[in-house]
Structures are given as structure tokens and as C-alpha cells.
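For reference, input-v4.txt (compact mmCIF, C-alpha atoms):
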# COMPACT_ATOMS: atom_id res chain seq x y z
CA MET E 1 25.47 20.19 20.69
CA THR E 2 22.07 21.73 19.85
CA ASP E 3 19.56 23.62 21.95
CA GLN E 4 17.56 20.38 22.26
CA ALA E 5 20.16 19.22 24.79
CA TYR E 6 19.06 21.97 27.13
CA LYS E 7 16.13 21.66 29.51
CA TYR E 8 16.33 25.01 31.30
CA LEU E 9 18.10 27.33 28.84
CA PHE E 10 16.82 28.74 25.57
CA GLY E 11 18.56 30.93 23.04
CA PRO E 12 20.36 33.22 22.95
CA VAL E 13 17.50 34.99 21.21
CA PRO E 14 17.28 38.62 20.05
CA SER E 15 15.41 40.79 22.55
CA ARG E 16 14.26 44.33 21.89
CA ARG E 17 14.98 45.20 25.51
CA LEU E 18 17.99 43.08 26.42
CA GLY E 19 19.95 42.55 23.22
CA ARG E 20 21.14 39.00 22.61
CA SER E 21 19.54 37.23 25.58
CA LEU E 22 20.09 33.73 26.95
CA GLY E 23 16.85 32.70 28.63
CA VAL E 24 16.71 30.71 31.88
CA ASP E 25 13.40 29.03 32.75
CA ILE E 26 13.18 27.74 36.34
CA VAL E 27 9.48 27.09 36.96
CA PRO E 28 7.00 24.76 35.23
CA LEU E 29 4.79 26.08 32.45
CA LYS E 30 2.21 28.63 33.67
CA THR E 31 3.34 28.49 37.30
CA CYS E 32 2.34 31.96 38.35
CA THR E 33 0.74 34.23 40.93
CA GLN E 34 -1.72 35.66 38.40
CA ASN E 35 -3.76 34.91 35.28
CA CYS E 36 -3.22 38.11 33.30
CA ILE E 37 -5.75 38.74 30.56
CA TYR E 38 -2.95 39.27 28.01
CA CYS E 39 -1.01 36.09 28.85
CA GLN E 40 -0.21 33.92 25.83
CA LEU E 41 0.16 30.73 27.88
CA GLY E 42 -3.50 29.98 28.48
CA LYS E 43 -6.01 31.15 31.06
CA ASP E 44 -7.42 30.03 34.39
CA ALA E 45 -4.32 28.08 35.39
CA PRO E 46 -3.81 27.21 39.07
CA GLN E 47 -2.17 30.08 40.98
CA THR E 48 0.31 29.90 43.81
CA LEU E 49 2.22 32.17 46.16
CA ASP E 50 4.41 29.35 47.50
CA ARG E 51 8.13 29.59 46.86
CA THR E 52 9.70 26.18 46.40
CA ASP E 53 12.54 24.43 44.54
CA TYR E 54 10.75 23.71 41.28
CA VAL E 55 13.91 22.62 39.45
CA PRO E 56 17.43 21.81 40.73
CA ILE E 57 19.54 24.95 40.55
CA SER E 58 22.67 22.81 40.29
CA ASP E 59 21.31 21.32 37.04
CA VAL E 60 20.58 24.78 35.66
CA LEU E 61 24.12 25.91 36.43
CA ASP E 62 25.52 22.72 34.89
CA GLU E 63 23.69 23.59 31.67
CA LEU E 64 25.05 27.14 31.79
CA THR E 65 28.57 25.82 32.31
CA ARG E 66 28.15 23.69 29.18
CA LYS E 67 26.76 26.62 27.25
CA ILE E 68 29.71 28.79 28.21
CA GLU E 69 32.18 26.05 27.28
CA GLU E 70 30.50 25.84 23.86
CA GLY E 71 31.23 29.53 23.31
CA LEU E 72 28.28 31.49 24.67
CA THR E 73 27.91 34.99 23.25
CA ALA E 74 25.17 37.00 24.92
CA ASP E 75 24.42 40.50 26.16
CA THR E 76 22.33 39.28 29.08
CA ILE E 77 21.36 36.10 30.89
CA THR E 78 17.66 36.53 31.51
CA ILE E 79 15.72 34.66 34.19
CA SER E 80 12.16 34.57 32.89
CA GLY E 81 10.49 31.88 30.81
CA SER E 82 7.06 30.30 31.12
CA GLY E 83 6.07 31.32 34.67
CA GLU E 84 6.92 33.70 37.51
CA PRO E 85 10.63 33.12 38.32
CA THR E 86 10.54 34.62 41.82
CA LEU E 87 8.42 31.63 42.86
CA HIS E 88 11.61 29.56 42.80
CA ALA E 89 13.10 29.48 46.30
CA GLY E 90 16.59 29.07 44.84
CA LEU E 91 16.62 32.31 42.86
CA SER E 92 19.37 33.79 45.05
CA ASP E 93 21.60 30.73 44.59
CA LEU E 94 20.99 30.82 40.84
CA ILE E 95 22.02 34.46 40.48
CA ASP E 96 25.09 33.91 42.67
CA GLY E 97 26.01 30.88 40.58
CA ILE E 98 25.65 32.74 37.29
CA HIS E 99 27.86 35.54 38.58
CA ARG E 100 30.53 32.99 39.52
CA LEU E 101 30.49 31.53 36.01
CA THR E 102 30.40 34.67 33.88
CA ASP E 103 30.44 38.45 33.91
CA ILE E 104 27.46 38.62 31.52
CA PRO E 105 24.80 40.77 33.25
CA VAL E 106 21.90 38.92 34.88
CA ALA E 107 18.37 40.19 34.26
CA VAL E 108 15.19 39.11 36.04
CA ILE E 109 11.82 39.59 34.37
CA THR E 110 9.13 39.48 37.04
CA ASN E 111 5.48 40.40 37.51
CA SER E 112 6.72 41.90 40.83
CA THR E 113 3.75 40.63 42.85
CA LEU E 114 5.98 38.94 45.43
CA MET E 115 8.04 42.06 46.09
CA TYR E 116 6.15 42.50 49.37
CA ARG E 117 8.37 39.68 50.66
CA ALA E 118 11.79 40.71 51.94
CA ASP E 119 13.39 37.47 50.72
CA VAL E 120 12.17 38.10 47.16
CA ARG E 121 13.45 41.67 47.25
CA ASP E 122 16.83 40.47 48.53
CA ASP E 123 17.04 37.78 45.83
CA CYS E 124 16.17 40.15 42.98
CA ALA E 125 18.57 42.77 44.32
CA LYS E 126 21.46 40.47 43.36
CA ALA E 127 20.61 40.84 39.66
CA ASP E 128 22.14 43.51 37.41
CA ILE E 129 18.84 44.41 35.73
CA VAL E 130 15.33 43.87 37.06
CA LEU E 131 12.31 44.32 34.80
CA PRO E 132 9.19 44.39 37.00
CA SER E 133 5.66 44.71 35.65
CA LEU E 134 3.11 47.26 36.81
CA ASP E 135 -0.10 46.79 34.82
CA ALA E 136 -2.52 48.52 37.18
CA ALA E 137 -2.53 51.71 39.19
CA ASP E 138 -5.41 50.83 41.51
CA ALA E 139 -6.97 47.74 43.09
CA GLU E 140 -9.95 47.56 40.73
CA THR E 141 -7.78 47.59 37.63
CA PHE E 142 -5.39 45.08 39.24
CA GLU E 143 -8.28 42.60 39.44
CA ALA E 144 -9.42 43.33 35.88
CA MET E 145 -5.97 43.16 34.27
CA ASN E 146 -4.14 40.53 36.27
CA HIS E 147 -6.72 38.20 37.88
CA PRO E 148 -4.36 37.81 40.86
CA HIS E 149 -4.22 35.08 43.49
CA PRO E 150 -6.96 35.78 46.08
CA ASN E 151 -4.35 36.52 48.75
CA LEU E 152 -2.58 39.17 46.71
CA CYS E 153 -3.31 42.72 47.79
CA PHE E 154 -2.73 45.66 45.42
CA ALA E 155 -1.48 48.04 48.12
CA GLU E 156 0.88 45.43 49.56
CA TRP E 157 2.24 44.59 46.11
CA VAL E 158 2.91 48.19 45.15
CA GLY E 159 4.36 48.88 48.59
CA GLY E 160 6.83 46.06 48.11
CA LEU E 161 7.81 47.37 44.69
CA LYS E 162 8.46 50.81 46.20
CA LEU E 163 10.69 49.24 48.86
CA PHE E 164 12.60 47.36 46.20
CA SER E 165 13.12 50.46 44.09
CA LYS E 166 14.83 52.12 47.06
CA GLN E 167 16.92 49.02 47.85
CA PHE E 168 18.06 48.08 44.35
CA SER E 169 21.32 49.53 43.07
CA GLY E 170 21.14 48.02 39.58
CA LYS E 171 19.08 49.03 36.55
CA LEU E 172 15.32 49.10 37.14
CA TRP E 173 13.29 48.96 33.93
CA LEU E 174 9.57 49.12 34.63
CA GLU E 175 7.15 47.60 32.10
CA VAL E 176 3.52 48.71 31.88
CA PHE E 177 1.25 46.59 29.70
CA PHE E 178 -1.81 48.36 28.33
CA CYS E 179 -5.06 46.82 27.14
CA ASP E 180 -7.38 49.24 25.41
CA GLY E 181 -10.37 50.14 27.53
CA VAL E 182 -9.07 48.35 30.63
CA ASN E 183 -6.23 50.54 31.90
CA THR E 184 -5.94 53.27 29.27
CA ASN E 185 -8.42 55.91 30.46
CA ASP E 186 -7.15 59.32 31.58
CA GLU E 187 -7.63 58.53 35.28
CA SER E 188 -5.52 55.36 35.01
CA VAL E 189 -2.77 57.12 33.08
CA THR E 190 -2.63 59.88 35.72
CA LYS E 191 -2.35 57.27 38.49
CA PHE E 192 0.40 55.45 36.56
CA LYS E 193 2.33 58.70 36.23
CA ASP E 194 2.12 59.25 39.99
CA LEU E 195 3.33 55.72 40.78
CA ILE E 196 6.18 55.99 38.27
CA GLU E 197 7.35 59.21 39.90
CA GLN E 198 7.44 57.41 43.26
CA LEU E 199 9.29 54.35 41.91
CA LYS E 200 11.89 56.38 39.97
CA PRO E 201 12.81 53.59 37.51
CA ASP E 202 15.71 54.05 35.11
CA LYS E 203 13.35 53.29 32.22
CA VAL E 204 9.63 52.86 31.67
CA GLN E 205 8.77 50.55 28.81
CA ILE E 206 5.13 50.42 27.71
CA ASN E 207 3.67 47.56 25.76
CA THR E 208 0.45 46.18 24.31
CA SER E 209 -0.61 42.93 22.72
CA VAL E 210 0.50 42.47 19.12
CA ARG E 211 0.07 38.69 19.23
CA PRO E 212 -3.11 36.70 19.81
CA THR E 213 -4.26 36.39 23.43
CA VAL E 214 -6.65 33.96 25.08
CA HIS E 215 -8.88 36.75 26.43
CA SER E 216 -10.73 38.85 23.85
CA VAL E 217 -10.92 41.72 26.37
CA ALA E 218 -7.14 42.12 26.10
CA ALA E 219 -7.56 44.55 23.23
CA ARG E 220 -4.54 46.00 21.48
CA VAL E 221 -3.91 49.71 22.01
CA PRO E 222 -3.50 51.44 18.63
CA GLU E 223 0.06 52.57 17.97
CA ASP E 224 -0.71 56.29 17.94
CA LYS E 225 -2.64 56.04 21.21
CA LEU E 226 0.19 54.13 22.88
CA HIS E 227 2.67 56.83 21.89
CA ALA E 228 0.28 59.49 23.23
CA ILE E 229 0.17 57.65 26.58
CA ALA E 230 3.98 57.52 26.60
CA GLU E 231 4.13 61.29 26.26
CA LYS E 232 1.72 61.75 29.18
CA LEU E 233 3.78 59.48 31.45
CA GLY E 234 6.83 61.71 31.31
CA ASP E 235 10.54 61.26 30.68
CA HIS E 236 12.42 58.00 30.15
CA VAL E 237 9.31 56.32 28.69
CA GLU E 238 9.60 54.23 25.53
CA VAL E 239 7.14 52.15 23.52
CA ILE E 240 8.45 48.59 23.14
CA ALA E 241 5.41 47.01 21.44
CA ASP E 242 6.61 45.52 18.15
CA PHE E 243 3.82 46.53 15.78
CA SER E 244 5.76 45.03 12.87
CA ARG E 245 4.52 41.64 14.11
CA LEU E 246 1.04 42.58 12.95
CA ASP E 247 2.10 41.76 9.41
CA GLY E 248 0.83 38.28 8.65
CA GLN E 249 -0.63 37.98 12.16
CA THR E 250 -2.45 34.71 12.83
CA GLU E 251 -5.26 33.91 15.19
CA PHE E 252 -3.27 31.31 17.14
CA SER E 253 -2.76 31.58 20.89
CA ALA E 254 0.20 30.21 22.83
CA SER E 255 -1.60 27.26 24.34
CA GLU E 256 -2.28 23.61 23.58
CA GLU E 257 -5.33 24.73 21.65
CA GLY E 258 -3.31 27.27 19.68
CA ILE E 259 -0.67 24.74 18.65
CA LEU E 260 -3.31 22.15 17.78
CA ALA E 261 -5.05 24.75 15.62
CA MET E 262 -1.79 25.43 13.79
CA LEU E 263 -1.01 21.75 13.31
CA SER E 264 -4.54 21.02 12.08
CA ARG E 265 -3.63 23.00 8.96
CA ARG E 266 -0.24 21.47 8.28
CA PRO E 267 2.62 19.63 10.02
CA CYS E 268 5.21 21.97 11.51
CA SER E 269 8.69 21.70 12.96
CA LEU E 270 9.55 23.11 16.36
CA GLU E 271 11.12 26.14 14.70
CA GLY E 272 8.05 26.61 12.52
CA ILE E 273 5.78 26.69 15.55
CA CYS E 274 8.08 29.11 17.41
CA ASP E 275 8.30 31.46 14.43
CA GLY E 276 4.59 31.26 13.67
CA MET E 277 3.51 31.97 17.23
CA GLY E 278 6.33 34.31 18.23
CA LEU E 279 7.30 32.26 21.30
CA ASN E 280 10.57 31.21 22.83
CA ARG E 281 11.64 27.67 22.14
CA ASN E 282 11.41 26.52 25.74
CA VAL E 283 7.73 27.42 26.08
CA VAL E 284 6.82 25.57 22.88
CA GLN E 285 8.89 22.53 23.86
CA LYS E 286 6.93 22.18 27.11
CA ILE E 287 3.58 22.36 25.33
CA ILE E 288 4.74 19.93 22.63
CA ALA E 289 5.92 17.45 25.27
CA ARG E 290 2.50 17.53 26.94
CA LEU E 291 0.69 17.04 23.64
CA LEU E 292 2.92 14.07 22.77
CA GLU E 293 2.36 12.48 26.17
CA THR E 294 -1.40 12.69 25.72
CA SER E 295 -1.18 11.44 22.10
CA LYS E 296 -2.87 14.57 20.78
CA ILE E 297 -0.02 14.92 18.28
CA ILE E 298 2.62 12.64 16.84
CA ALA E 299 6.16 13.27 15.62
CA GLU E 300 7.72 12.09 12.39
CA GLU E 301 11.14 12.58 10.81
CA LYS E 302 11.45 14.27 7.43
CA LYS E 303 14.84 15.09 5.93
CA GLN E 304 16.57 14.87 9.33
CA GLU E 305 14.07 17.24 10.96
CA THR E 306 11.21 16.43 13.32
CA TYR E 307 7.73 17.52 12.30
CA TYR E 308 4.63 17.44 14.51
CA LYS E 309 1.14 16.73 13.25
CA ILE E 310 -2.35 15.68 14.28
CA PRO E 311 -2.63 11.85 14.16
Turn the structure described in the file into C-alpha cells.
Amino acid sequence: MTDQAYKYLFGPVPSRRLGRSLGVDIVPLKTCTQNCIYCQLGKDAPQTLDRTDYVPISDVLDELTRKIEEGLTADTITISGSGEPTLHAGLSDLIDGIHRLTDIPVAVITNSTLMYRADVRDDCAKADIVLPSLDAADAETFEAMNHPHPNLCFAEWVGGLKLFSKQFSGKLWLEVFFCDGVNTNDESVTKFKDLIEQLKPDKVQINTSVRPTVHSVAARVPEDKLHAIAEKLGDHVEVIADFSRLDGQTEFSASEEGILAMLSRRPCSLEGICDGMGLNRNVVQKIIARLLETSKIIAEEKKQETYYKIP
């Protein structure tokens, strides 16, 4: 059985942070609390703070059971995908279910904005690894970097993350995403250092955009500058930005428009789109499905493989 039989799982795929990672996507495309300027999934999408059952957790666990029966080999099972996973009200049940099925560690990648809620902290605390984001060290930069939901408060968000860091007994790997000129000045770096010292994460992983983004202001931080910032932030800080992806970089963004731009040049298979845009399969599948439904693209079979093109 191929990955196309899976609606909620993607991979396993190689991850610089998590090894061979099986992805679990439990919210619809671009269902999030923010519209970060560096997001590859489009901009100005509707935001929400409402936790609900976006997909049936029993169906997700059924897929995982099948995957395990087929011989799953993975270093982590990673709850992330194409939106903010803590928006799913069944996150706790999902993590419990995964732990019943396998001893593979469970990781949660989150923007951490809902950590002010005790139920979200309790849910995430069941994971083995939590990778929260912290892209701003003050309220002004929070607005500039993350374009948060109007009801999100910087102080409340950071306060919740501090509470979680004290509660969580697993591995806490903090990610800080830098955009040149937005959160890279000396004052911001000093504030980040202070927050990191309070959070006491096991690792700090700093990143910048090496793929096209939908906001031009999300400027890439040069590699030497990013390493200089890492040194200022202290111990246990590593640069995870994959600058090797700059070779052959395209101008495409991870959106309907980006895929249409790619397909306007030549027909591509699903794998070709994923490789060309550097995205996980599940994200691309959702965008492709929407483009097919609206007849913006068509599919045709060539040598037992499906190719997508502009009609």
C-alpha cells in the first residue's frame, strides 16, 4: 500500500531535527492562530483560537495501526503538518493512542501560542518531545513577525510557555525563527537570551527562511550572521537552517499560486512538486485537491504516474 492511501499520515521523511519522522496532520490546511510572515502556506488566512475535533482521532489511529502493520520504521512520530496541531481538541487522546500502539517517541511541533491554556499544556506534556516556537521577544515584534489573532497577548503567551517549561518532563527544543531586520537587532537578541534563560530548554534551534515565502519582508538572515546570533544566545544553541537548499532555489511559494506557477512551466508529478518546493507530501496533496476541485488544474496518467498540469 502506498502513501496515497493515507489521509492524515505522511512519510516517514528525513528531518534534520527528528531523524526519520512520520508526520501526523490533524487540522485542515492553514488552520492556525497566526499568519507568520515566513509561512510557506499562504498569507492572510482566517485565524482561530477555538479548539475543536477537526478530524476523527480514531481514523488517525487506524491509519497508524495500518502503517505499523506494514512495517513502520521511524525515529519519531511527529504531530505537526499544515496548521497548528494544538487547535485539535483531541490531541491528548491522539498522544495516548500513539503510545498504546508503539514505543516510538511522540513529538509535537507547535507555535506555542495556546500554552496559556492549562488544557493545552496538559495535552502537550504527554509527548516525549515538544518543539515550541518563540519568534519574538516583545509585543511589538510579536505583531510584526507573527500577525497573531487579535485576542492573543504576547505576555500571556510567553507566560504560558514558561509554565509549560516547568511542567514538562520530556525534551523541550525551542525554535527561534529569524527574519533579517525584523527580530535580529541587538536589543531583540538580548531579550531572546533573557527569555531562553528563563525557559531553560534542552536545546535552542535557530532558523531562517531558505525557501521562498509569501511576504517579501521575511528576509533571509545570512549564514554568518545567524551563526553570530547563535553565539550570543549562549549554550545549547544550534543553527538548523539548511542553507544547502539555496542551490537551485526557485521563486515558488507553497500556495495555490506557487503550485500554479510551477505547473505553468511544465506538468509535474506529486513527487516533483514536493521536491521542487521542499514541502511534505500531505501539504501538497491538500493544495492539489483544492486546485482539482476548482478545475484550475487537471490530472493525466503517464507511464503509470499521475501528472498535474494547467488545462
- Could you pull the residues within 9 Å of Phe177 (chain E), counting all atoms listed in the file, minus those fewer than 5 positions along the same chain, as a list in words? Tyr38, Ser133, Leu134, Asp135, Ala136, Asn183, Gln205, Ile206, Asn207, Thr208 and Ser209 of chain E
- Message: Residues near region 60-69 of chain E, anyone? I mean within 10 Å using all atoms listed in the file, not counting same-chain ones fewer than 2 positions away, as a PyMOL selection string.
- Response: chain E and resi 1+3+5-9+22+24-26+55-58+71-74+77+93-95+97-98+101-102
- If you count all atoms listed in the file, which residues fall within 10 Å of Glu300 (chain E), apart from same-chain ones fewer than 5 positions away, as a VMD selection string? chain E and resid 267 269 305 to 309
- Message: Residues near Phe154 (chain E), anyone? I mean within 12 Å using only C-alpha atoms, not counting same-chain ones fewer than 4 positions away, as a VMD selection string.
- Response: chain E and resid 112 to 116 134 to 150 158 to 161
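One finds CA of Gly81 (chain E) at 12.3 Å from CA of Val13 (chain E).
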